[in-house]
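Student: I am sharing input_5.cif, which consists of mmCIF, N, CA and C atoms:
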data_query
loop_
_atom_site.label_atom_id
_atom_site.label_comp_id
_atom_site.auth_asym_id
_atom_site.auth_seq_id
_atom_site.Cartn_x
_atom_site.Cartn_y
_atom_site.Cartn_z
N MET A 1 87.18 89.08 95.03
CA MET A 1 86.82 88.97 93.64
C MET A 1 86.50 90.35 93.05
N LEU A 2 85.84 91.18 93.84
CA LEU A 2 85.49 92.52 93.38
C LEU A 2 86.75 93.32 93.08
N LYS A 3 87.77 93.16 93.93
CA LYS A 3 89.01 93.89 93.74
C LYS A 3 89.68 93.49 92.42
N ILE A 4 89.67 92.21 92.10
CA ILE A 4 90.27 91.74 90.85
C ILE A 4 89.51 92.31 89.66
N PHE A 5 88.18 92.34 89.74
CA PHE A 5 87.37 92.92 88.68
C PHE A 5 87.71 94.39 88.46
N ILE A 6 87.87 95.12 89.55
CA ILE A 6 88.18 96.55 89.45
C ILE A 6 89.56 96.75 88.83
N ILE A 7 90.53 95.93 89.22
CA ILE A 7 91.88 96.06 88.66
C ILE A 7 91.87 95.77 87.17
N ILE A 8 91.18 94.71 86.76
CA ILE A 8 91.11 94.36 85.35
C ILE A 8 90.46 95.48 84.54
N CYS A 9 89.38 96.03 85.05
CA CYS A 9 88.70 97.12 84.36
C CYS A 9 89.58 98.36 84.28
N ALA A 10 90.34 98.61 85.33
CA ALA A 10 91.22 99.78 85.33
C ALA A 10 92.36 99.61 84.33
N VAL A 11 92.89 98.41 84.22
CA VAL A 11 93.97 98.14 83.27
C VAL A 11 93.46 98.28 81.85
N ILE A 12 92.27 97.77 81.59
CA ILE A 12 91.69 97.88 80.25
C ILE A 12 91.36 99.33 79.92
N GLY A 13 91.03 100.11 80.92
CA GLY A 13 90.75 101.52 80.71
C GLY A 13 89.29 101.84 80.51
N GLU A 14 88.43 100.88 80.71
CA GLU A 14 87.01 101.10 80.49
C GLU A 14 86.27 101.39 81.78
N PHE A 15 86.98 101.53 82.86
CA PHE A 15 86.35 101.71 84.16
C PHE A 15 86.98 102.89 84.87
N ALA A 16 86.24 103.92 85.08
CA ALA A 16 86.77 105.05 85.84
C ALA A 16 86.08 105.11 87.20
N ALA A 17 84.77 105.06 87.16
CA ALA A 17 84.00 105.06 88.41
C ALA A 17 82.65 104.42 88.13
N LEU A 18 82.12 103.78 89.13
CA LEU A 18 80.82 103.13 89.01
C LEU A 18 79.98 103.59 90.19
N SER A 19 78.84 104.17 89.90
CA SER A 19 77.97 104.66 90.95
C SER A 19 76.84 103.67 91.16
N LEU A 20 76.78 103.10 92.37
CA LEU A 20 75.74 102.13 92.68
C LEU A 20 74.51 102.79 93.29
N ALA A 21 74.70 103.88 93.93
CA ALA A 21 73.61 104.64 94.53
C ALA A 21 74.15 106.03 94.81
N LYS A 22 73.32 106.89 95.33
CA LYS A 22 73.81 108.24 95.61
C LYS A 22 74.83 108.27 96.74
N ILE A 23 74.85 107.23 97.56
CA ILE A 23 75.77 107.23 98.69
C ILE A 23 76.98 106.33 98.47
N LEU A 24 76.95 105.45 97.48
CA LEU A 24 78.03 104.49 97.29
C LEU A 24 78.55 104.53 95.87
N ASN A 25 79.85 104.76 95.74
CA ASN A 25 80.51 104.76 94.44
C ASN A 25 81.71 103.83 94.50
N LEU A 26 82.08 103.26 93.38
CA LEU A 26 83.28 102.46 93.29
C LEU A 26 84.30 103.24 92.47
N ASN A 27 85.38 103.63 93.12
CA ASN A 27 86.47 104.37 92.48
C ASN A 27 87.77 103.64 92.77
N LEU A 28 88.58 103.45 91.77
CA LEU A 28 89.87 102.80 91.97
C LEU A 28 90.87 103.83 92.47
N SER A 29 91.54 103.50 93.57
CA SER A 29 92.52 104.41 94.17
C SER A 29 93.65 103.59 94.76
N PHE A 30 94.87 104.09 94.62
CA PHE A 30 96.03 103.43 95.19
C PHE A 30 96.52 104.24 96.37
N ASN A 31 96.47 103.64 97.56
CA ASN A 31 96.83 104.34 98.79
C ASN A 31 98.24 103.93 99.21
N TYR A 32 99.19 104.86 99.03
CA TYR A 32 100.57 104.59 99.41
C TYR A 32 100.82 104.92 100.88
N GLY A 33 99.90 105.64 101.49
CA GLY A 33 100.04 106.02 102.89
C GLY A 33 99.14 105.17 103.77
N ILE A 34 98.73 105.78 104.88
CA ILE A 34 97.81 105.11 105.79
C ILE A 34 96.46 105.80 105.59
N SER A 35 95.63 105.82 106.55
CA SER A 35 94.30 106.42 106.43
C SER A 35 94.38 107.89 106.03
N PHE A 36 93.50 108.27 105.14
CA PHE A 36 93.37 109.65 104.68
C PHE A 36 94.67 110.18 104.07
N GLY A 37 95.51 109.30 103.54
CA GLY A 37 96.73 109.74 102.86
C GLY A 37 97.86 110.14 103.79
N ILE A 38 97.76 109.83 105.08
CA ILE A 38 98.84 110.15 106.00
C ILE A 38 100.06 109.31 105.63
N PHE A 39 101.24 109.87 105.68
CA PHE A 39 102.50 109.22 105.30
C PHE A 39 102.51 108.79 103.84
N ASN A 40 101.85 109.55 102.98
CA ASN A 40 101.83 109.22 101.56
C ASN A 40 103.22 109.20 100.96
N ASN A 41 104.10 110.09 101.40
CA ASN A 41 105.44 110.18 100.83
C ASN A 41 106.45 109.30 101.56
N PHE A 42 106.02 108.63 102.61
CA PHE A 42 106.91 107.80 103.39
C PHE A 42 106.44 106.35 103.33
N LYS A 43 106.82 105.68 102.25
CA LYS A 43 106.34 104.32 101.99
C LYS A 43 106.70 103.35 103.12
N TYR A 44 107.93 103.42 103.59
CA TYR A 44 108.37 102.47 104.62
C TYR A 44 107.79 102.78 105.99
N ALA A 45 107.50 104.05 106.26
CA ALA A 45 106.87 104.41 107.53
C ALA A 45 105.47 103.80 107.60
N ALA A 46 104.76 103.85 106.50
CA ALA A 46 103.41 103.26 106.46
C ALA A 46 103.50 101.75 106.64
N LEU A 47 104.51 101.13 106.05
CA LEU A 47 104.69 99.68 106.18
C LEU A 47 105.02 99.30 107.62
N VAL A 48 105.92 100.05 108.25
CA VAL A 48 106.31 99.77 109.63
C VAL A 48 105.13 99.98 110.58
N LEU A 49 104.40 101.08 110.41
CA LEU A 49 103.24 101.34 111.28
C LEU A 49 102.15 100.29 111.09
N SER A 50 101.95 99.84 109.86
CA SER A 50 100.96 98.78 109.61
C SER A 50 101.38 97.49 110.30
N GLY A 51 102.65 97.15 110.20
CA GLY A 51 103.15 95.94 110.84
C GLY A 51 103.06 96.01 112.36
N LEU A 52 103.41 97.17 112.94
CA LEU A 52 103.32 97.33 114.39
C LEU A 52 101.88 97.23 114.88
N SER A 53 100.96 97.86 114.15
CA SER A 53 99.56 97.78 114.57
C SER A 53 99.05 96.34 114.49
N LEU A 54 99.48 95.61 113.48
CA LEU A 54 99.08 94.20 113.36
C LEU A 54 99.63 93.39 114.53
N ILE A 55 100.88 93.61 114.90
CA ILE A 55 101.48 92.89 116.03
C ILE A 55 100.74 93.20 117.33
N ILE A 56 100.42 94.45 117.56
CA ILE A 56 99.70 94.85 118.77
C ILE A 56 98.32 94.20 118.82
N ILE A 57 97.61 94.22 117.70
CA ILE A 57 96.27 93.62 117.66
C ILE A 57 96.36 92.11 117.88
N LEU A 58 97.34 91.46 117.27
CA LEU A 58 97.49 90.01 117.45
C LEU A 58 97.83 89.66 118.89
N CYS A 59 98.62 90.49 119.56
CA CYS A 59 98.91 90.27 120.98
C CYS A 59 97.63 90.37 121.81
N CYS A 60 96.78 91.33 121.47
CA CYS A 60 95.50 91.46 122.18
C CYS A 60 94.59 90.28 121.89
N VAL A 61 94.65 89.75 120.67
CA VAL A 61 93.81 88.60 120.31
C VAL A 61 94.19 87.37 121.13
N MET A 62 95.47 87.24 121.46
CA MET A 62 95.92 86.07 122.22
C MET A 62 95.41 86.07 123.66
N ILE A 63 94.99 87.24 124.15
CA ILE A 63 94.39 87.30 125.48
C ILE A 63 92.98 86.75 125.36
N LYS A 64 92.63 85.81 126.19
CA LYS A 64 91.30 85.21 126.12
C LYS A 64 90.34 86.02 127.00
N PHE A 65 89.50 86.80 126.37
CA PHE A 65 88.50 87.56 127.10
C PHE A 65 87.28 86.69 127.37
N LYS A 66 86.57 86.98 128.45
CA LYS A 66 85.36 86.22 128.78
C LYS A 66 84.26 86.48 127.76
N ASN A 67 84.18 87.70 127.31
CA ASN A 67 83.13 88.09 126.39
C ASN A 67 83.58 87.77 124.95
N TYR A 68 82.86 86.90 124.27
CA TYR A 68 83.24 86.52 122.92
C TYR A 68 83.12 87.69 121.94
N LYS A 69 82.31 88.70 122.29
CA LYS A 69 82.13 89.83 121.38
C LYS A 69 83.41 90.64 121.23
N ILE A 70 84.17 90.79 122.33
CA ILE A 70 85.42 91.53 122.23
C ILE A 70 86.44 90.72 121.42
N ASN A 71 86.39 89.40 121.54
CA ASN A 71 87.26 88.55 120.71
C ASN A 71 86.92 88.70 119.23
N LEU A 72 85.64 88.79 118.93
CA LEU A 72 85.19 88.99 117.56
C LEU A 72 85.66 90.35 117.04
N ALA A 73 85.55 91.38 117.86
CA ALA A 73 85.99 92.72 117.46
C ALA A 73 87.49 92.73 117.17
N LEU A 74 88.27 92.09 118.04
CA LEU A 74 89.72 92.02 117.83
C LEU A 74 90.06 91.20 116.60
N ALA A 75 89.30 90.13 116.35
CA ALA A 75 89.54 89.32 115.16
C ALA A 75 89.25 90.11 113.89
N LEU A 76 88.20 90.92 113.91
CA LEU A 76 87.91 91.79 112.76
C LEU A 76 89.05 92.76 112.50
N MET A 77 89.53 93.39 113.57
CA MET A 77 90.64 94.33 113.42
C MET A 77 91.89 93.62 112.90
N ALA A 78 92.18 92.44 113.44
CA ALA A 78 93.38 91.70 113.02
C ALA A 78 93.27 91.25 111.56
N GLY A 79 92.11 90.80 111.16
CA GLY A 79 91.92 90.38 109.77
C GLY A 79 92.08 91.52 108.79
N GLY A 80 91.49 92.65 109.11
CA GLY A 80 91.62 93.82 108.24
C GLY A 80 93.04 94.34 108.19
N ALA A 81 93.70 94.39 109.35
CA ALA A 81 95.09 94.86 109.39
C ALA A 81 96.01 93.91 108.63
N ALA A 82 95.77 92.61 108.77
CA ALA A 82 96.60 91.62 108.06
C ALA A 82 96.41 91.74 106.55
N ALA A 83 95.17 91.93 106.11
CA ALA A 83 94.90 92.06 104.67
C ALA A 83 95.60 93.29 104.10
N ASN A 84 95.49 94.41 104.78
CA ASN A 84 96.16 95.63 104.30
C ASN A 84 97.68 95.49 104.35
N PHE A 85 98.21 94.85 105.40
CA PHE A 85 99.65 94.68 105.53
C PHE A 85 100.20 93.80 104.41
N ILE A 86 99.52 92.69 104.13
CA ILE A 86 99.97 91.80 103.06
C ILE A 86 99.93 92.51 101.71
N GLU A 87 98.88 93.25 101.48
CA GLU A 87 98.78 93.99 100.22
C GLU A 87 99.88 95.04 100.11
N ARG A 88 100.18 95.70 101.21
CA ARG A 88 101.22 96.73 101.23
C ARG A 88 102.60 96.11 100.99
N VAL A 89 102.84 94.90 101.53
CA VAL A 89 104.12 94.23 101.34
C VAL A 89 104.29 93.81 99.88
N TYR A 90 103.26 93.21 99.29
CA TYR A 90 103.37 92.69 97.93
C TYR A 90 103.29 93.77 96.85
N LEU A 91 102.42 94.74 97.04
CA LEU A 91 102.22 95.75 96.00
C LEU A 91 102.92 97.08 96.28
N GLY A 92 103.16 97.34 97.55
CA GLY A 92 103.73 98.63 97.91
C GLY A 92 102.67 99.68 98.20
N TYR A 93 101.44 99.31 98.04
CA TYR A 93 100.30 100.19 98.31
C TYR A 93 99.08 99.33 98.59
N VAL A 94 98.00 99.98 99.02
CA VAL A 94 96.73 99.30 99.27
C VAL A 94 95.74 99.80 98.22
N ILE A 95 95.02 98.88 97.63
CA ILE A 95 94.01 99.25 96.63
C ILE A 95 92.71 99.57 97.35
N ASP A 96 92.25 100.80 97.22
CA ASP A 96 90.98 101.23 97.79
C ASP A 96 89.99 101.41 96.65
N TYR A 97 88.73 101.08 96.91
CA TYR A 97 87.75 101.11 95.82
C TYR A 97 86.34 101.48 96.26
N ILE A 98 86.05 101.58 97.53
CA ILE A 98 84.70 101.90 97.99
C ILE A 98 84.67 103.34 98.46
N ASN A 99 83.81 104.13 97.85
CA ASN A 99 83.68 105.54 98.20
C ASN A 99 82.27 105.76 98.74
N ILE A 100 82.18 106.05 100.03
CA ILE A 100 80.89 106.26 100.67
C ILE A 100 80.70 107.74 100.95
N PHE A 101 79.62 108.30 100.49
CA PHE A 101 79.27 109.72 100.69
C PHE A 101 80.35 110.67 100.15
N ASP A 102 81.11 110.26 99.17
CA ASP A 102 82.17 111.09 98.58
C ASP A 102 83.15 111.63 99.61
N LEU A 103 83.38 110.88 100.67
CA LEU A 103 84.31 111.33 101.71
C LEU A 103 85.72 110.80 101.47
N ASN A 104 85.89 109.52 101.61
CA ASN A 104 87.20 108.90 101.48
C ASN A 104 87.03 107.55 100.80
N VAL A 105 88.02 107.17 100.03
CA VAL A 105 87.97 105.87 99.36
C VAL A 105 88.62 104.85 100.28
N LEU A 106 87.96 103.72 100.48
CA LEU A 106 88.47 102.68 101.36
C LEU A 106 88.21 101.32 100.77
N ASN A 107 88.65 100.27 101.46
CA ASN A 107 88.42 98.92 100.97
C ASN A 107 87.74 98.09 102.05
N LEU A 108 87.49 96.83 101.75
CA LEU A 108 86.77 95.96 102.68
C LEU A 108 87.55 95.76 103.97
N ALA A 109 88.89 95.68 103.88
CA ALA A 109 89.70 95.52 105.09
C ALA A 109 89.56 96.73 106.01
N ASP A 110 89.47 97.92 105.44
CA ASP A 110 89.27 99.13 106.25
C ASP A 110 87.92 99.08 106.97
N ILE A 111 86.91 98.54 106.30
CA ILE A 111 85.60 98.41 106.92
C ILE A 111 85.66 97.40 108.07
N GLU A 112 86.41 96.32 107.89
CA GLU A 112 86.60 95.35 108.98
C GLU A 112 87.27 96.00 110.18
N ILE A 113 88.32 96.77 109.93
CA ILE A 113 89.04 97.42 111.02
C ILE A 113 88.13 98.39 111.76
N MET A 114 87.39 99.19 111.03
CA MET A 114 86.50 100.17 111.67
C MET A 114 85.36 99.47 112.42
N SER A 115 84.82 98.39 111.86
CA SER A 115 83.77 97.64 112.55
C SER A 115 84.28 97.07 113.87
N GLY A 116 85.48 96.52 113.83
CA GLY A 116 86.08 95.98 115.05
C GLY A 116 86.35 97.06 116.08
N CYS A 117 86.87 98.21 115.63
CA CYS A 117 87.14 99.32 116.55
C CYS A 117 85.86 99.85 117.18
N LEU A 118 84.84 100.05 116.37
CA LEU A 118 83.57 100.56 116.91
C LEU A 118 82.93 99.58 117.87
N THR A 119 83.01 98.28 117.56
CA THR A 119 82.46 97.27 118.46
C THR A 119 83.22 97.26 119.78
N ALA A 120 84.55 97.31 119.71
CA ALA A 120 85.36 97.32 120.94
C ALA A 120 85.09 98.56 121.77
N LEU A 121 85.00 99.72 121.12
CA LEU A 121 84.70 100.95 121.85
C LEU A 121 83.33 100.87 122.52
N TYR A 122 82.36 100.34 121.82
CA TYR A 122 81.02 100.19 122.40
C TYR A 122 81.06 99.27 123.61
N LEU A 123 81.76 98.15 123.49
CA LEU A 123 81.83 97.20 124.60
C LEU A 123 82.58 97.79 125.80
N PHE A 124 83.65 98.52 125.54
CA PHE A 124 84.37 99.16 126.65
C PHE A 124 83.51 100.24 127.30
N TYR A 125 82.78 101.00 126.48
CA TYR A 125 81.93 102.05 126.99
C TYR A 125 80.78 101.49 127.82
N MET A 126 80.21 100.39 127.36
CA MET A 126 79.09 99.78 128.08
C MET A 126 79.58 98.92 129.25
N ARG A 127 80.88 98.80 129.42
CA ARG A 127 81.49 98.06 130.53
C ARG A 127 81.00 96.61 130.61
N LYS A 128 81.01 95.97 129.47
CA LYS A 128 80.65 94.55 129.45
C LYS A 128 81.78 93.75 130.08
N ASP A 129 81.47 92.57 130.60
CA ASP A 129 82.49 91.72 131.21
C ASP A 129 83.50 91.27 130.15
N PHE A 130 84.74 91.35 130.54
CA PHE A 130 85.81 90.90 129.64
C PHE A 130 86.44 89.68 130.25
#
Produce structure tokens that represent the structure in this file.
Tutor:
Amino acid sequence: MLKIFIIICAVIGEFAALSLAKILNLNLSFNYGISFGIFNNFKYAALVLSGLSLIIILCCVMIKFKNYKINLALALMAGGAAANFIERVYLGYVIDYINIFDLNVLNLADIEIMSGCLTALYLFYMRKDF
């Protein structure tokens, strides 16, 4: 819903940026590449890499791990990757709108992917049962 609000405001022209706090800003950005603008000029390379990463994550999800936390981490990564892939297929780009600490603009799907990756890395590092 937030994404639709941002798009409508951007089309009307009354929304450039919204600052919610010193650390969080809402800026509308169209990402034609992958993270940090990688492959910005190669639209189809970004689409192919997004699709391949989604396939790899879904293959990992089909493996039934003993620890439900790793399944949750993989599900987060798969959900975020699927959301970005679908958006990239339909629009040709991903709409990013969350700017944290003025570093990089990202969206909720990116946060899901990073949360899943960090959880999986933590679980692998702590050598939890899989």
Student: Can you list, as a list in words, the residues that the PyMOL selection byres ((chain A and resi 77) around 7) selects here?
Tutor: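 Those residues are Ile57, Leu72, Ala73, Leu74, Ala75, Leu76, Ala78, Gly79, Gly80, Ala81, Ala82, Glu112, Ile113, Met114, Ser115, Gly116 and Cys117 of chain A.
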Student: Distance CA of Ile98 (chain A)-atom C of Leu24 (chain A), one decimal place?
Tutor: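 Atom-to-atom, CA of Ile98 (chain A) to atom C of Leu24 (chain A), that is 7.0 Å.
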Student: So which one's closest to Arg127 (chain A), A:Cys60, A:Ile70, A:Leu47, A:Ile95? Using only C-alpha atoms, please.
Tutor: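 Ranked by minimum distance to Arg127 (chain A), first place goes to A:Ile70.
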Student: What separation in Å, quoted to one decimal, exists between CA of Asn25 (chain A) and CA of Asn99 (chain A)?
Tutor: 5.0 Å
Student: Could you please determine the separation between CA of Phe85 (chain A) and atom C of Ile34 (chain A) in Å, to one decimal place?
Tutor: 11.6 Å
Student: Where does DSSP see helix (DSSP H, G or I) in region 14-129 of chain A, if you list the residues as a PyMOL selection string?
Tutor: chain A and resi 35-37+43-62+68-91+108-125
Student: Taking the file as I've supplied it (selection: the PyMOL selection byres ((chain A and resi 96) around 7)), which residues are included? Please answer as an MDAnalysis selection string.
Tutor: chainID A and resid 27:31 94:95 97:99 105:108
